[in-house]
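Student: The structure under discussion is supplied below as structure tokens; questions concerning it will follow.
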Amino acid sequence: MSKVRVRFAPSPTGGLHLGGVRTALYNYLFAKKNNGEFVLRIEDTDQTRYVDGAEQYIMDCLKWCGISPDESPQNPGEFGPYRQSGRKSIYREYAEQLVESGHAYYAFDTSEEIENLREKLKAEGKYNVQYDFQNRLEMRNSLSLPKEETEALLKSNFPHVIRIKMPRNEYVRFKDMIRGDIEMQTDGVDDKVLLKADGMPTYHLAVVVDDYLMKITHSFRGEEWMPSAPVHVLLWKYFGWEKEMPHWAHLPLILKPDGNGKLSKRDGERLGFPVFAMEWNDPNKGKVAGFKELGFLPEAFINMLALLGWNDGTEQEIFSLEEMIDKFSIDRVHSHGAKFDFEKAKWFNHEWIKKSSVERLRPEVEKIFEEKNIMIRNENNLDKIIELTKERCTLLTDFWQQASFFFNAPQTIDTSAILPKWNENKNQFFVELVRAYSLLNLWDLTDIEHTFKELAAAARLKPGELMLPLRVMLVGGKFGPGVFDISSLIGKEETIKRIEHTLSLMK
RNA sequence: GGCGCGUUGGUCAAGGGGUUAAGACGCCUCCCUUUCACGGAGGAAUCACGGGUUCGAAUCCCGUACGUGCUACCA
């Protein structure tokens, strides 16, 4: 058997959304699992919707996810170009080959004429409102027109398309790696346009010709393509390439969390979660943040995505990319769609932050603090801070809330949290604490805690009752790691300063 | 309307003739921690419905319902 080659063929007309990344991911996992190649082909067939920079954006997203293609438009292998617009000249030849063999035909109908056909069929109450075997001879095409007229029209460059001549009452069978044997009747499919009037191929022609020319062995795509699969299978047959036809797998859809259809790009906005891998700059709407900007680790993002429609049959849920490559199998991909659950997505990220090393997290955390204009002076301290706070962070951006007080004194002190139980005894205790702390020569964890507890005992106060006020003094509110850990990291001067500051507020 | 695909707690799901029907997210209770988390223990909640086949059906078959997709010179 030939070497496994899979392709991901997004259309560069928008941000790379969850479904797209997952398709790319499954392609990648399958390719790597079988020591094969992962190819990125860009379907920029529709000039009016192509968005500038989208191709690079797709590459960047794949790179962030750690699933960069082996071959891409910028780095085509021997089967390039990998950009459909650059392949325009090839498709016509193949389409005409089909006309010659009698499996396709030229159609000269204007859009108005086609609209009329639909209106007519609708009025007649026909089941299938489509251009097909039932009416193709009534339309203007090379099957209905005399040969000379067709030739004249072609010669005069009359706008035309090439349509496949779908056979009547035939059954097309193929095997889907996820769903098993599929059988479909050709009558339900219309005479699909293969080559558009502008000379560009439709998806139907392109996917077959390109997969053939690029030696693709396995073709994975969204479930929404299943109804047109007969067209593609027939095309492979008509071209005489049956033996090289790739194995098919139709991936389940990712659905809206609240039901009613597949997840769309708009749902993010509506329901308050990202749908893109990375920030997408929509020409009409402006910038839309992605999972990356929201504070997701790519490891968590792809882990979450992979598990949305696949699992290895064990209880394991956290997988590294390497583990996924090892465990992935296409026949364990589900045949039904899954609703996206943002809460679970965040859980994956939380798990990944907890399990990630300080080294892995450090650059991410540094970036967050840089954005907030905080200079990190002591790398050592930063590592300790990350270790101390990471289990409290669901998103990377949470490090700001959980750790900023290590660098800057809190802007506001939640005095209401301590006021109700505040009294002169406690006030006196903290005055004493400041004096005792200032006399400490060494500033280490045990001394800080020991001094605190001794003074508390002397004042006949329970340490517990004093720790909350101290916490609020140090971090501004009821959160964060152990108080003495914080004290030891921010240093003696800063600890005293913050206690005194709050004491002055309490007067 | 036609055609395709699907249906196990609210969500993700394991399980493919005999199970007390796993596990995870979320929710609730308790323990730990006199903060917030982490961790630990427990709880509520499920086989869409109706017929078959079978000693026995979540599991196989048929039907219905529901969901979802396609039905473009979009992908």
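Residue numbering restarts at 1 in every chain; chains get A, B, ... in the order shown in the structure tokens, and ligands count up from 1 in that same order.
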Give one line per residue of chain A that approaches chain B to at most 8 Å, naming the two atoms of the closest pair and their distance in Å to one decimal, counting only C-alpha atoms (C1' of nucleotides); sort by chain then ascending residue number and deliver it as a tab-separated table.

Tutor:
residue	atom	partner	partner_atom	distance
A:Ser11	CA	B:A75	C1'	6.8
A:Tyr127	CA	B:G2	C1'	5.7
A:Asn128	CA	B:G2	C1'	6.2
A:Val161	CA	B:C73	C1'	7.0
A:Met184	CA	B:G4	C1'	8.0
A:Gly188	CA	B:C3	C1'	5.9
A:Val189	CA	B:U71	C1'	7.9
A:Val193	CA	B:C73	C1'	6.6
A:Leu195	CA	B:C73	C1'	7.7
A:Lys196	CA	B:C73	C1'	4.8
A:Ala197	CA	B:C73	C1'	6.2
A:Thr202	CA	B:C73	C1'	8.0
A:Tyr203	CA	B:A75	C1'	6.8
A:Glu223	CA	B:G69	C1'	7.2
A:Glu224	CA	B:G69	C1'	5.2
A:Trp225	CA	B:C70	C1'	7.5
A:Met226	CA	B:G4	C1'	7.0
A:Pro227	CA	B:C70	C1'	5.5
A:Ser228	CA	B:C70	C1'	7.7
A:Gly261	CA	B:U68	C1'	6.5
A:Lys262	CA	B:U68	C1'	7.9
A:Leu308	CA	B:C12	C1'	7.0
A:Gly313	CA	B:A14	C1'	6.5
A:Thr314	CA	B:A14	C1'	7.5
A:Glu315	CA	B:G23	C1'	5.6
A:Glu317	CA	B:A24	C1'	7.6
A:Ser335	CA	B:G6	C1'	7.1
A:His336	CA	B:G6	C1'	5.4
A:Gly337	CA	B:G6	C1'	7.9
A:Ala338	CA	B:C12	C1'	7.6
A:Lys339	CA	B:U11	C1'	7.3
A:Asp341	CA	B:U11	C1'	6.4
A:Glu343	CA	B:C25	C1'	6.8
A:Lys344	CA	B:C25	C1'	5.0
A:Trp347	CA	B:C25	C1'	7.3
A:Glu391	CA	B:C38	C1'	6.1
A:Arg392	CA	B:A37	C1'	4.9
A:Gly464	CA	B:U34	C1'	4.8
A:Glu465	CA	B:U34	C1'	6.7
A:Met467	CA	B:U34	C1'	7.8
A:Leu468	CA	B:U35	C1'	6.4
A:Arg471	CA	B:U35	C1'	7.3
A:Lys478	CA	B:U35	C1'	4.6
A:Phe479	CA	B:C36	C1'	4.1
A:Gly480	CA	B:C36	C1'	5.7
A:Pro481	CA	B:C36	C1'	7.6

Student: So which residues touch Glu454 (chain A) within 10 Å, counting only C-alpha atoms (C1' of nucleotides), skipping near sequence neighbours fewer than 5 positions away, as a list in words?

Tutor: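 Near Glu454 (chain A), the qualifying residues are Leu433, Glu449, Ala459, Arg460 and Pro463 of chain A.
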
Student: Write out, as a compact mmCIF listing (two decimals), in the first residue's frame, the residues just selected, with C-alpha atoms.

Tutor:
# COMPACT_ATOMS: atom_id res chain seq x y z
CA LEU A 433 3.79 42.44 64.61
CA GLU A 449 5.24 32.22 60.85
CA ALA A 459 -1.96 38.58 72.96
CA ARG A 460 -4.24 35.62 73.67
CA PRO A 463 -3.84 32.78 64.95

Student: Extract, using only C-alpha atoms (C1' of nucleotides), all DNA, RNA and protein residues at most 10 Å from region 274-287 of chain A, discarding same-chain residues fewer than 5 positions from it, and format them as an MDAnalysis selection string.

Tutor: chainID A and resid 13:21 51:54 57:58 60:62 64:65 263:269 292:294 296 298 301:302 340 342

Student: With C-alpha atoms retained, write the just-selected residues as a short mmCIF file (atom, residue, chain, number, x, y, z; two decimals), in the first residue's frame.

Tutor:
data_model
loop_
_atom_site.label_atom_id
_atom_site.label_comp_id
_atom_site.auth_asym_id
_atom_site.auth_seq_id
_atom_site.Cartn_x
_atom_site.Cartn_y
_atom_site.Cartn_z
CA THR A 13 -12.77 32.91 4.04
CA GLY A 14 -12.86 33.26 7.79
CA GLY A 15 -11.22 32.37 11.06
CA LEU A 16 -10.24 28.80 11.74
CA HIS A 17 -13.03 27.58 13.99
CA LEU A 18 -13.45 24.56 16.26
CA GLY A 19 -14.72 22.21 13.59
CA GLY A 20 -11.92 23.17 11.24
CA VAL A 21 -9.19 22.68 13.80
CA VAL A 51 -9.83 37.08 2.81
CA ASP A 52 -6.36 38.56 2.64
CA GLY A 53 -3.97 37.06 5.12
CA ALA A 54 -6.28 34.18 5.92
CA TYR A 57 -3.58 32.86 9.67
CA ILE A 58 -4.46 29.21 9.07
CA ASP A 60 -0.27 30.24 12.35
CA CYS A 61 -3.19 28.49 14.02
CA LEU A 62 -1.92 25.06 13.03
CA TRP A 64 0.16 27.17 17.61
CA CYS A 65 -1.70 23.88 17.97
CA LEU A 263 -21.79 25.43 15.83
CA SER A 264 -21.35 28.57 13.79
CA LYS A 265 -18.93 31.42 14.02
CA ARG A 266 -21.63 33.65 15.37
CA ASP A 267 -22.41 31.43 18.34
CA GLY A 268 -19.28 32.48 20.18
CA GLU A 269 -20.41 36.05 20.32
CA LYS A 292 -5.22 31.50 22.59
CA GLU A 293 -5.99 35.06 23.61
CA LEU A 294 -8.45 33.91 26.21
CA PHE A 296 -5.81 28.54 26.71
CA PRO A 298 -2.59 24.82 22.97
CA PHE A 301 -7.14 23.18 23.34
CA ILE A 302 -6.30 20.27 21.08
CA PHE A 340 -19.64 21.97 22.57
CA PHE A 342 -17.25 25.61 27.28
#

Student: If you run DSSP on this backbone, which residues of region 138-383 of chain A come out as helix (DSSP H, G or I), and could you give them as a ChimeraX atom specification?

Tutor: /A:138,147-155,186-188,203-213,223-238,242-244,265-271,291-294,298-306,321-327,330-332,342-355,358-371,379-383

Student: Given the selection you just returned, output its residues as a file containing C-alpha atoms, formatted as a CSV table (one decimal), in the first residue's frame.

Tutor:
chain,number,residue,atom,x,y,z
A,138,GLU,CA,-35.5,20.9,-21.5
A,147,LYS,CA,-24.1,19.8,-31.9
A,148,GLU,CA,-23.5,22.8,-34.2
A,149,GLU,CA,-25.3,25.1,-31.8
A,150,THR,CA,-23.2,23.9,-28.9
A,151,GLU,CA,-20.0,24.4,-30.9
A,152,ALA,CA,-21.1,27.9,-31.9
A,153,LEU,CA,-21.9,28.9,-28.4
A,154,LEU,CA,-18.6,27.6,-27.2
A,155,LYS,CA,-16.8,29.4,-30.0
A,186,THR,CA,-28.1,8.8,-7.6
A,187,ASP,CA,-31.6,10.2,-8.2
A,188,GLY,CA,-31.4,12.4,-5.2
A,203,TYR,CA,-15.4,21.7,-4.6
A,204,HIS,CA,-16.7,18.5,-6.3
A,205,LEU,CA,-14.3,18.6,-9.1
A,206,ALA,CA,-11.4,20.0,-7.1
A,207,VAL,CA,-11.5,17.5,-4.3
A,208,VAL,CA,-11.4,14.6,-6.7
A,209,VAL,CA,-8.8,16.0,-9.2
A,210,ASP,CA,-6.5,17.3,-6.4
A,211,ASP,CA,-6.7,14.3,-4.2
A,212,TYR,CA,-5.8,12.2,-7.2
A,213,LEU,CA,-3.0,14.4,-8.3
A,223,GLU,CA,-20.4,15.0,7.8
A,224,GLU,CA,-22.2,17.7,5.8
A,225,TRP,CA,-20.4,16.3,2.7
A,226,MET,CA,-22.0,12.9,2.9
A,227,PRO,CA,-25.0,13.7,0.6
A,228,SER,CA,-22.6,14.7,-2.2
A,229,ALA,CA,-20.3,11.7,-1.7
A,230,PRO,CA,-22.0,9.8,-4.6
A,231,VAL,CA,-20.8,12.6,-7.0
A,232,HIS,CA,-17.3,12.2,-5.8
A,233,VAL,CA,-17.3,8.4,-5.9
A,234,LEU,CA,-18.7,8.5,-9.4
A,235,LEU,CA,-16.1,11.0,-10.5
A,236,TRP,CA,-13.3,8.7,-9.4
A,237,LYS,CA,-15.0,6.0,-11.4
A,238,TYR,CA,-15.6,8.1,-14.5
A,242,GLU,CA,-11.2,3.8,-8.9
A,243,LYS,CA,-8.2,1.9,-7.7
A,244,GLU,CA,-6.6,5.1,-6.3
A,265,LYS,CA,-18.9,31.4,14.0
A,266,ARG,CA,-21.6,33.6,15.4
A,267,ASP,CA,-22.4,31.4,18.3
A,268,GLY,CA,-19.3,32.5,20.2
A,269,GLU,CA,-20.4,36.1,20.3
A,270,ARG,CA,-23.9,35.1,21.2
A,271,LEU,CA,-23.0,32.6,24.0
A,291,PHE,CA,-8.8,30.4,22.6
A,292,LYS,CA,-5.2,31.5,22.6
A,293,GLU,CA,-6.0,35.1,23.6
A,294,LEU,CA,-8.4,33.9,26.2
A,298,PRO,CA,-2.6,24.8,23.0
A,299,GLU,CA,-2.1,21.4,24.6
A,300,ALA,CA,-5.4,21.8,26.4
A,301,PHE,CA,-7.1,23.2,23.3
A,302,ILE,CA,-6.3,20.3,21.1
A,303,ASN,CA,-6.9,17.8,23.9
A,304,MET,CA,-10.3,19.1,24.4
A,305,LEU,CA,-11.1,19.2,20.7
A,306,ALA,CA,-9.8,15.6,20.1
A,321,LEU,CA,-0.3,15.2,21.4
A,322,GLU,CA,2.2,12.3,21.4
A,323,GLU,CA,-0.2,10.2,23.4
A,324,MET,CA,-3.0,11.1,21.0
A,325,ILE,CA,-1.0,10.1,18.0
A,326,ASP,CA,-0.3,6.8,19.7
A,327,LYS,CA,-3.9,6.1,20.8
A,330,ILE,CA,-10.4,6.6,13.2
A,331,ASP,CA,-12.9,3.8,13.9
A,332,ARG,CA,-13.3,5.1,17.5
A,342,PHE,CA,-17.2,25.6,27.3
A,343,GLU,CA,-17.2,24.6,31.0
A,344,LYS,CA,-15.6,21.3,30.1
A,345,ALA,CA,-13.2,23.1,27.8
A,346,LYS,CA,-12.0,25.3,30.7
A,347,TRP,CA,-11.7,22.2,32.8
A,348,PHE,CA,-9.2,20.8,30.3
A,349,ASN,CA,-7.2,24.0,30.5
A,350,HIS,CA,-7.2,23.9,34.3
A,351,GLU,CA,-5.9,20.4,34.2
A,352,TRP,CA,-3.2,21.3,31.8
A,353,ILE,CA,-2.1,24.3,33.8
A,354,LYS,CA,-1.9,22.1,36.9
A,355,LYS,CA,0.1,19.5,35.1
A,358,VAL,CA,7.0,25.9,35.7
A,359,GLU,CA,9.3,26.1,32.7
A,360,ARG,CA,6.4,25.6,30.3
A,361,LEU,CA,4.3,28.1,32.1
A,362,ARG,CA,7.0,30.8,32.7
A,363,PRO,CA,7.0,32.3,29.2
A,364,GLU,CA,3.2,32.4,29.1
A,365,VAL,CA,3.0,34.1,32.5
A,366,GLU,CA,5.8,36.6,31.6
A,367,LYS,CA,3.8,37.6,28.6
A,368,ILE,CA,0.7,38.3,30.6
A,369,PHE,CA,2.6,40.5,33.1
A,370,GLU,CA,4.4,42.3,30.3
A,371,GLU,CA,1.1,43.2,28.8
A,379,GLU,CA,13.2,35.0,37.9
A,380,ASN,CA,13.5,32.8,40.9
A,381,ASN,CA,10.6,34.4,42.6
A,382,LEU,CA,8.5,34.1,39.5
A,383,ASP,CA,9.0,30.4,39.5

Student: Taking 4 positions as the minimum chain separation for residues in the same chain, which residues sit within 6 Å of Arg7 (chain A) when counting only C-alpha atoms (C1' of nucleotides)? Answer as a list in words.

Tutor: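 Skipping anything fewer than 4 positions along the chain leaves Phe38, Val39 and Leu40 of chain A.
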
Student: In Å, rounded to a single decimal, give me how far CA of Gly295 (chain A) is from CA of Leu395 (chain A).

Tutor: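 Answer for the CA of Leu395 (chain A) to CA of Gly295 (chain A) separation: 4.8 Å.
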
Student: Need the shell around A44 (chain B): protein/DNA/RNA residues with any atom at most 12 Å away, counting only C-alpha atoms (C1' of nucleotides). Skip same-chain ones fewer than 5 positions apart. Format as a compact mmCIF listing (two decimals) with N, CA and C atoms (P, O5', C5', C4', C3', O3' and C1' of nucleotides), in the first residue's frame?

Tutor:
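Now in out-v2.txt:
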# COMPACT_ATOMS: atom_id res chain seq x y z
P G B 9 -29.10 10.54 27.52
O5' G B 9 -28.68 10.87 29.02
C5' G B 9 -28.71 12.19 29.51
C4' G B 9 -29.12 12.11 30.96
C3' G B 9 -28.94 13.43 31.71
O3' G B 9 -30.19 13.79 32.30
C1' G B 9 -28.01 11.61 32.92
P C B 27 -20.39 24.07 39.24
O5' C B 27 -21.77 23.46 39.77
C5' C B 27 -23.01 24.04 39.38
C4' C B 27 -24.14 23.22 39.94
C3' C B 27 -24.05 22.90 41.43
O3' C B 27 -24.47 24.00 42.24
C1' C B 27 -24.64 20.95 40.25
P C B 28 -23.67 24.25 43.63
O5' C B 28 -24.29 23.15 44.60
C5' C B 28 -25.68 23.15 44.89
C4' C B 28 -26.02 21.92 45.69
C3' C B 28 -25.15 21.68 46.91
O3' C B 28 -25.55 22.45 48.01
C1' C B 28 -25.38 19.66 45.72
P U B 29 -24.46 22.83 49.14
O5' U B 29 -24.26 21.45 49.91
C5' U B 29 -25.31 20.89 50.68
C4' U B 29 -24.83 19.62 51.33
C3' U B 29 -23.52 19.75 52.09
O3' U B 29 -23.71 20.30 53.38
C1' U B 29 -23.47 17.81 50.75

Student: What's around region 414-420 of chain A at 10 Å? Count only C-alpha atoms (C1' of nucleotides), leave out sequence neighbours fewer than 2 positions away in its own chain, and write the answer as a PyMOL selection string.

Tutor: chain A and resi 410-412+422-423+465-466+468-473+475-478+502-503+505-506
